[in-house]
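Worksheet for the structure shown next.
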Amino acid sequence: MLDLKSIESYYGKAHILSDLSFSIGAGEVVSLLGRNGAGKTTTMKSIMQMVIPKGGSVSFLGSDITGLATHKVAKMGLGYVPEDRRIFTDLTILENLEVGRQPPRDGGYEWSVEALFELFPNLKERQKNRGKEMSGGEQQMLTIARTLMGNPKLLLLDEPSEGIAPVIIEQMAETILRLKSEGMSILLSEQNLHFARLVADRAIIIESGTKKFDATFAELDAHPDVRDAYLSV
Amino acid sequence: MALLIAQLLTGLANAAALFLVASGLSLIFGVTRIVNFAHGSFYMLGAFIGYSLMQVLPGHFWFWASVLLAGIAVGLIGVIVEICVLRPVYKAPELFQLVATFGVILVIQDLALLVWGAEDVLGPRAPGLKGIIRIMGEPVPKYDLALIAITPFVLFGLWYLLTKTRIGILVRAATQDREMVGALGVNQAWLFTGVFFLGAALAGLGGAIQLPKGGADLMMDFNILAAIFVVVVIGGMGSLPGAYVAAVLISVLNVFGVSYLPQSTLVLMFVVMAVVLMIKPYGLFGREEVAGEHGQVGEPERPIKPADARGRMIVGCLIAALALLPMFDSTFLTILITDILIFCLFAASLHFLLGLGGLVSFGHAAFFGSGAYVAALLVSHAGTPMELAFLLAPLGAGMAAVIIGWMCIRLTGVYFAMLTMAFAQLLWSLVFQWGEFTGGDDGMVDIWPAEWLSTTNAYYYFTLVVGVGAIILLRHVAHSPFGYALRASRDSERQAEATGINTKHVRWAAFAFAGAMAGVAGGLFVFSKGSVFPTELEIAKSFDGLIVVFLGGVKTLSGGVVGGASLELIKDFLTRFEFWRLSLGVLIIVVVILAPEGIVGTVRKLAEHAGWMRSKNAREVTGDE
Ligand SMILES: Nc1ncnc2c1ncn2[C@@H]1O[C@H](COP(=O)(O)OP(=O)(O)O)[C@@H](O)[C@H]1O
Ligand SMILES: [Mg+2]
């Protein structure tokens, strides 16, 4: 579904990702693990072409999307949920969802506002409230819901558990599992190994922008040295 | 009472066109963050196109259809401008695009001259609304009442579009975070184009709808520019209800001003704006601006460093060449270079403020003019000797800058820019309207230098020594601890404060210093010309300075000087041709698109590329700064 082939990404002159390759199959939930500053967010942005890789290629559903405009990438069915949430604070919850709305892709699932309110009951109660009046956890729900309005085929979730209360993290895990059961492919970036293990099938570990590990959690458990070297548990 | 109501109605009617144009400007700024100087030109085009349409389309229905068609036509022109001129420069640092829109003004001026000629045209009267109605005995034109009735519908329509439709929701989302809107699958480029269409169309509508009241002429673009900026700033940039309230406020006050305090008309709106901004720094309905919030933080600054040996050699050779110039006995060239030197000093002083301090002033000509007028007033009213008057010029300008700066430095970004413009305009109207003291429009004449400087060559050397000296002083200060503090305040206010820099004081001092240096240029100017007119304080003069600094390169120390010299030379060359504005406008646009770092920045990049200069990396290794 998604294929990264030896991508090289930069911020200005700073070389952040080097020779990074991995792929995600249809219906798969993959976690992208690594410490703060490892390059997880940059990887997500490189997939969305918000940071255009200077080398290598990104392909999605069989077509090369390297260098494509971000909105076209999104239109193809890549849904990005940024770690800093970036909800539109002056818009109401309903309006935030409206911004994300895209027509369904052939054969894909079509999300409606009602379905999303069922998935995130808190949002329903506050639908007329402005984005800035919401708690961190609610904002996180809203960003995910907003992206789902675009009926993505592959969801890029950047550290959804960051900075929110443990109860909400649990709720988040359930949500992700629901999406998974409906056949959604997900790339989940995380520092929280426990959370990743709850929902993901596979773990990719990066450090300083290069891939260090790519296998199942069972495999990871068999290599505690890898875990100790690249993750702060 | 009846008269009061009639005046109120006139004010409300005048507010209609002002609101239409200003709301377009506000909309464009709110979404794209572009300060569109060409907005007055769109207004002018709306008037001319509406006029032409009304000539061929008679009758009641076609009058209003012409108004609408004029709006649409101008909207489409706006789309062309957006796609051809602005799209390539969206990534440029904030306020850089304004230079491009300034090029557009020049182009449109000449095109309008070409199509409609230099004659003012009288607007046709609206069919069916030609007469007057008596309200409590006072005559009120029917057309005024129509305008008053229409405006709230336009406001409502815009409000509905922005709050209730999907397009409106996307536009508001893009106002806050363009990139995220793109990541959600919306092509924000077209969203911007759409907003530009709407904004330009509103300006065109405003131009066409005021035809029965005002007609059309080639000065309309600049004449409305200050007023619409004032309206947008008072209302709060990006706020449509704000634009409406402010348009009404300004128009009504203006009508009363004309009747009861005729001397006040030119200053009135700027006084109102200054008062509003002092109480509510972001306008009546505005939201606080956070720097960098809109993702327009440019590339990191490269360190500014003292000229190396080669740089010094080049500058030395140049000065030597200039010193030898009078030998060739070309009075024309000597006078030209004198003008250029003076302008370069003016530009360098603005560059100091803008490049090092990040303070984009739209009113820097105020201090150039203050310098010139202080000297002129001293000479003609107090019989002060030229030498003393010349020394007091920068002092006077500096004092004006201390006072104006104190009121402006609390604001940043566009609001700072607008407040400086307001005060500059205030000073201008003071000079303009206080005829007995300043000569008003006729200016002050017979302000000649002392005996020993009376020949062209002597004054040339005087300008060379003082001008180059002042520019070197500016550079020197840029490299002094004060210069570092100023740049630190620009880059990160919080960090600078943390290291013990009082950023407000630093900015204030920089403002005063730059003002005094502009005053030196003003002093040089008045004695070289022997006269001074209010045009030296005009907005247009301030804009000239801005263009020069941006074209030369904001991020390079020599930007102001190089830009100043280039523009004066180009102007001197181009003004010999009939349609010089068109050529200059196109040239400016091309430079902005091809060389977004300015002339100096681009030349340096090219030179680095070719290996003639040490590259940025090498500089980092040697550990500058
Ligand atoms: N906008 C930026 N400009 C320059 N460097 C950046 C920028 N964003 C992130 N970086 C750097 O890139 C590296 C990777 O960051 P990031 O992808 O955000 O890591 P993670 O998401 O894993 O915490 C870090 O060293 C970070 O400092
Ligand atoms: Mg991150």
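Residues in the structure tokens are named by chain (A, B, ... in the order shown) and by number from 1 within that chain; ligands are numbered from 1 in the order shown.
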Report task. Please report as a VMD selection string which residues of chain A come no farther than 12 Å from chain B, using only C-alpha atoms. Result -> chain A and resid 11 to 13 44 to 51 68 to 103 131 143 to 152 155 to 156
**Report entry** Selection as a PyMOL selection string: residues within 9 Å of ligand 2 by only C-alpha atoms and all ligand atoms
**Finding:** chain A and resi 35-42+44+82-84+158-159+189-190
Long-range neighbours of region 361-374 of chain B as a PDB file with N, CA, C and O atoms, in the first residue's frame, 6 Å cut-off, only C-alpha atoms, 5 positions minimum in chain:
```pdb
ATOM      1  N   ALA B 393      19.277  69.863  11.606  1.00  0.00           N
ATOM      2  CA  ALA B 393      18.311  69.058  10.837  1.00  0.00           C
ATOM      3  C   ALA B 393      18.166  67.644  11.412  1.00  0.00           C
ATOM      4  O   ALA B 393      17.053  67.210  11.735  1.00  0.00           O
ATOM      5  N   PRO B 394      19.294  66.916  11.571  1.00  0.00           N
ATOM      6  CA  PRO B 394      19.136  65.570  12.139  1.00  0.00           C
ATOM      7  C   PRO B 394      18.605  65.604  13.566  1.00  0.00           C
ATOM      8  O   PRO B 394      17.889  64.696  13.982  1.00  0.00           O
ATOM      9  N   ALA B 397      14.881  65.978  13.234  1.00  0.00           N
ATOM     10  CA  ALA B 397      14.300  64.728  12.743  1.00  0.00           C
ATOM     11  C   ALA B 397      14.366  63.667  13.829  1.00  0.00           C
ATOM     12  O   ALA B 397      13.419  62.898  14.034  1.00  0.00           O
ATOM     13  N   ALA B 417       3.610  49.167  11.048  1.00  0.00           N
ATOM     14  CA  ALA B 417       3.735  49.829   9.749  1.00  0.00           C
ATOM     15  C   ALA B 417       2.642  50.878   9.570  1.00  0.00           C
ATOM     16  O   ALA B 417       2.901  52.013   9.157  1.00  0.00           O
ATOM     17  N   THR B 420       3.090  53.991  11.861  1.00  0.00           N
ATOM     18  CA  THR B 420       4.128  54.902  11.369  1.00  0.00           C
ATOM     19  C   THR B 420       3.597  55.700  10.185  1.00  0.00           C
ATOM     20  O   THR B 420       3.846  56.891  10.062  1.00  0.00           O
ATOM     21  N   MET B 421       2.822  55.027   9.336  1.00  0.00           N
ATOM     22  CA  MET B 421       2.253  55.738   8.196  1.00  0.00           C
ATOM     23  C   MET B 421       1.301  56.828   8.674  1.00  0.00           C
ATOM     24  O   MET B 421       1.287  57.936   8.139  1.00  0.00           O
ATOM     25  N   ALA B 424       3.280  59.753   9.912  1.00  0.00           N
ATOM     26  CA  ALA B 424       3.915  60.441   8.790  1.00  0.00           C
ATOM     27  C   ALA B 424       2.891  61.304   8.066  1.00  0.00           C
ATOM     28  O   ALA B 424       3.161  62.457   7.703  1.00  0.00           O
ATOM     29  N   GLY B 515      15.826  57.726  12.316  1.00  0.00           N
ATOM     30  CA  GLY B 515      15.152  58.977  11.990  1.00  0.00           C
ATOM     31  C   GLY B 515      16.157  60.120  11.843  1.00  0.00           C
ATOM     32  O   GLY B 515      16.091  60.913  10.901  1.00  0.00           O
ATOM     33  N   ALA B 518      17.987  59.792   8.622  1.00  0.00           N
ATOM     34  CA  ALA B 518      17.148  60.254   7.517  1.00  0.00           C
ATOM     35  C   ALA B 518      17.120  61.773   7.511  1.00  0.00           C
ATOM     36  O   ALA B 518      17.076  62.406   6.447  1.00  0.00           O
ATOM     37  N   GLY B 519      17.184  62.370   8.711  1.00  0.00           N
ATOM     38  CA  GLY B 519      17.230  63.828   8.825  1.00  0.00           C
ATOM     39  C   GLY B 519      18.487  64.413   8.194  1.00  0.00           C
ATOM     40  O   GLY B 519      18.444  65.474   7.565  1.00  0.00           O
ATOM     41  N   GLY B 522      17.803  64.515   4.686  1.00  0.00           N
ATOM     42  CA  GLY B 522      16.881  65.614   4.418  1.00  0.00           C
ATOM     43  C   GLY B 522      17.611  66.957   4.393  1.00  0.00           C
ATOM     44  O   GLY B 522      17.349  67.804   3.531  1.00  0.00           O
ATOM     45  N   GLY B 523      18.546  67.140   5.327  1.00  0.00           N
ATOM     46  CA  GLY B 523      19.322  68.369   5.375  1.00  0.00           C
ATOM     47  C   GLY B 523      20.163  68.541   4.113  1.00  0.00           C
ATOM     48  O   GLY B 523      20.206  69.615   3.496  1.00  0.00           O
ATOM     49  N   VAL B 526      17.747  69.517   1.163  1.00  0.00           N
ATOM     50  CA  VAL B 526      17.152  70.846   1.041  1.00  0.00           C
ATOM     51  C   VAL B 526      18.173  71.864   0.521  1.00  0.00           C
ATOM     52  O   VAL B 526      17.849  72.720  -0.289  1.00  0.00           O
ATOM     53  N   GLU B 536       8.078  65.688  -0.107  1.00  0.00           N
ATOM     54  CA  GLU B 536       9.189  64.955   0.505  1.00  0.00           C
ATOM     55  C   GLU B 536       8.741  64.175   1.745  1.00  0.00           C
ATOM     56  O   GLU B 536       9.470  63.321   2.248  1.00  0.00           O
ATOM     57  N   LEU B 537       7.556  64.514   2.256  1.00  0.00           N
ATOM     58  CA  LEU B 537       7.045  63.811   3.445  1.00  0.00           C
ATOM     59  C   LEU B 537       5.973  62.803   3.069  1.00  0.00           C
ATOM     60  O   LEU B 537       5.416  62.134   3.925  1.00  0.00           O
ATOM     61  N   LYS B 541       6.893  58.844  -0.973  1.00  0.00           N
ATOM     62  CA  LYS B 541       8.329  58.913  -0.702  1.00  0.00           C
ATOM     63  C   LYS B 541       8.740  57.770   0.253  1.00  0.00           C
ATOM     64  O   LYS B 541       9.777  57.140   0.067  1.00  0.00           O
ATOM     65  N   SER B 542       7.892  57.531   1.256  1.00  0.00           N
ATOM     66  CA  SER B 542       8.185  56.426   2.173  1.00  0.00           C
ATOM     67  C   SER B 542       8.204  55.108   1.417  1.00  0.00           C
ATOM     68  O   SER B 542       9.046  54.245   1.660  1.00  0.00           O
TER      69      SER B 542
END
```
Query raised in the report: Leaving out region 383-391 of chain B and any residue of its chain fewer than 2 positions from it, which residues lie within 12 Å of it when counting only C-alpha atoms, given as an MDAnalysis selection string?
Result: chainID B and resid 370:381 393:398 446:454 462:463 466 516:517 519:528 530
Query raised in the report: Ser232 (chain A): which residues within 10 Å, counting only C-alpha atoms, same-chain residues fewer than 4 positions away excluded, as JSON, numbers by chain?
Result: {"A": [34, 35, 36, 191, 192, 193, 227, 228]}
How would the residues just picked look written out with all heavy atoms as a tab-separated table (two decimals), in the first residue's frame?
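Final file, part_9.tsv:
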```tsv
chain	number	residue	atom	x	y	z
A	34	GLY	N	10.61	5.35	18.26
A	34	GLY	CA	11.90	6.01	18.34
A	34	GLY	C	11.83	7.12	19.36
A	34	GLY	O	10.75	7.62	19.66
A	35	ARG	N	13.00	7.50	19.86
A	35	ARG	CA	13.03	8.54	20.89
A	35	ARG	C	12.65	9.88	20.31
A	35	ARG	O	12.58	10.08	19.11
A	35	ARG	CB	14.44	8.65	21.49
A	35	ARG	CG	14.84	7.49	22.33
A	35	ARG	CD	15.94	7.90	23.29
A	35	ARG	NE	16.47	6.72	23.96
A	35	ARG	CZ	17.52	6.02	23.51
A	35	ARG	NH1	18.13	6.41	22.39
A	35	ARG	NH2	17.93	4.96	24.15
A	36	ASN	N	12.49	10.81	21.20
A	36	ASN	CA	12.25	12.18	20.80
A	36	ASN	C	13.36	12.65	19.87
A	36	ASN	O	14.53	12.47	20.19
A	36	ASN	CB	12.23	13.06	22.06
A	36	ASN	CG	11.24	14.19	21.92
A	36	ASN	OD1	10.69	14.39	20.83
A	36	ASN	ND2	11.01	14.92	22.98
A	191	GLN	N	6.32	6.92	21.15
A	191	GLN	CA	7.45	6.68	22.05
A	191	GLN	C	7.01	5.68	23.11
A	191	GLN	O	7.84	5.09	23.80
A	191	GLN	CB	7.85	7.98	22.73
A	191	GLN	CG	8.35	9.03	21.77
A	191	GLN	CD	8.96	10.18	22.52
A	191	GLN	OE1	9.80	10.00	23.39
A	191	GLN	NE2	8.54	11.38	22.16
A	192	ASN	N	5.71	5.54	23.23
A	192	ASN	CA	5.12	4.72	24.28
A	192	ASN	C	4.95	3.28	23.77
A	192	ASN	O	4.04	2.96	23.03
A	192	ASN	CB	3.77	5.35	24.64
A	192	ASN	CG	3.05	4.61	25.74
A	192	ASN	OD1	3.27	3.42	25.95
A	192	ASN	ND2	2.18	5.32	26.43
A	193	LEU	N	5.90	2.42	24.19
A	193	LEU	CA	5.93	1.05	23.69
A	193	LEU	C	4.67	0.27	24.07
A	193	LEU	O	4.14	-0.49	23.28
A	193	LEU	CB	7.18	0.35	24.21
A	193	LEU	CG	7.43	-1.07	23.70
A	193	LEU	CD1	7.56	-1.10	22.19
A	193	LEU	CD2	8.67	-1.66	24.34
A	227	ARG	N	15.70	-2.87	22.13
A	227	ARG	CA	14.76	-2.02	22.84
A	227	ARG	C	15.51	-1.05	23.76
A	227	ARG	O	15.26	0.14	23.78
A	227	ARG	CB	13.81	-2.90	23.65
A	227	ARG	CG	12.59	-2.19	24.16
A	227	ARG	CD	11.82	-3.06	25.11
A	227	ARG	NE	12.64	-3.41	26.27
A	227	ARG	CZ	12.36	-4.39	27.13
A	227	ARG	NH1	11.28	-5.14	26.95
A	227	ARG	NH2	13.14	-4.64	28.16
A	228	ASP	N	16.47	-1.59	24.49
A	228	ASP	CA	17.20	-0.74	25.43
A	228	ASP	C	18.02	0.32	24.71
A	228	ASP	O	18.20	1.42	25.20
A	228	ASP	CB	18.12	-1.60	26.31
A	228	ASP	CG	17.29	-2.52	27.20
A	228	ASP	OD1	16.08	-2.24	27.33
A	228	ASP	OD2	17.84	-3.50	27.71
```
Report task. Calculate how many Å separate CA of Met237 (chain B) from CA of Ser492 (chain B), rounding to one decimal. Result -> 23.8 Å
Report task. Compile the contact shell of Leu359 (chain B) as number ranges by chain: residues with an atom at most 8 Å away, counting only C-alpha atoms, same-chain residues fewer than 5 positions apart removed. Result -> B: 353-354, 412-413, 416-417
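For region 36-87 of chain A, backbone-based DSSP assignment of alpha helix (DSSP H) covers Lys40, Thr41, Thr42, Thr43, Met44, Lys45, Ser46, Ile47, Met48, Thr70, His71, Lys72, Val73, Ala74 and Lys75 of chain A.
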Report task. Pick out the residues sitting within 6 Å of Ile16 (chain A), and hand them over as a ChimeraX atom specification; count only C-alpha atoms, and ignore anything fewer than 5 positions along from it in its own chain. Result -> /A:9-10,209
**Report entry** Option closest in space to ligand 1, from A:Phe195, A:Phe22, A:Tyr230, A:Phe217 [counting only C-alpha atoms and all ligand atoms]
**Finding:** A:Tyr230
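Atom pair CA of Arg410 (chain B) / CA of Phe352 (chain B) has a distance of 18.5 Å (rounded to one decimal).
The coordinates place CA of Gln140 (chain A) at 15.5 Å from CA of Glu125 (chain A).
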Query raised in the report: Using only C-alpha atoms, which residue out of B:Thr265, B:Gln97, B:Thr338, B:Ser52 lies closest to Leu551 (chain B)?
Result: B:Gln97
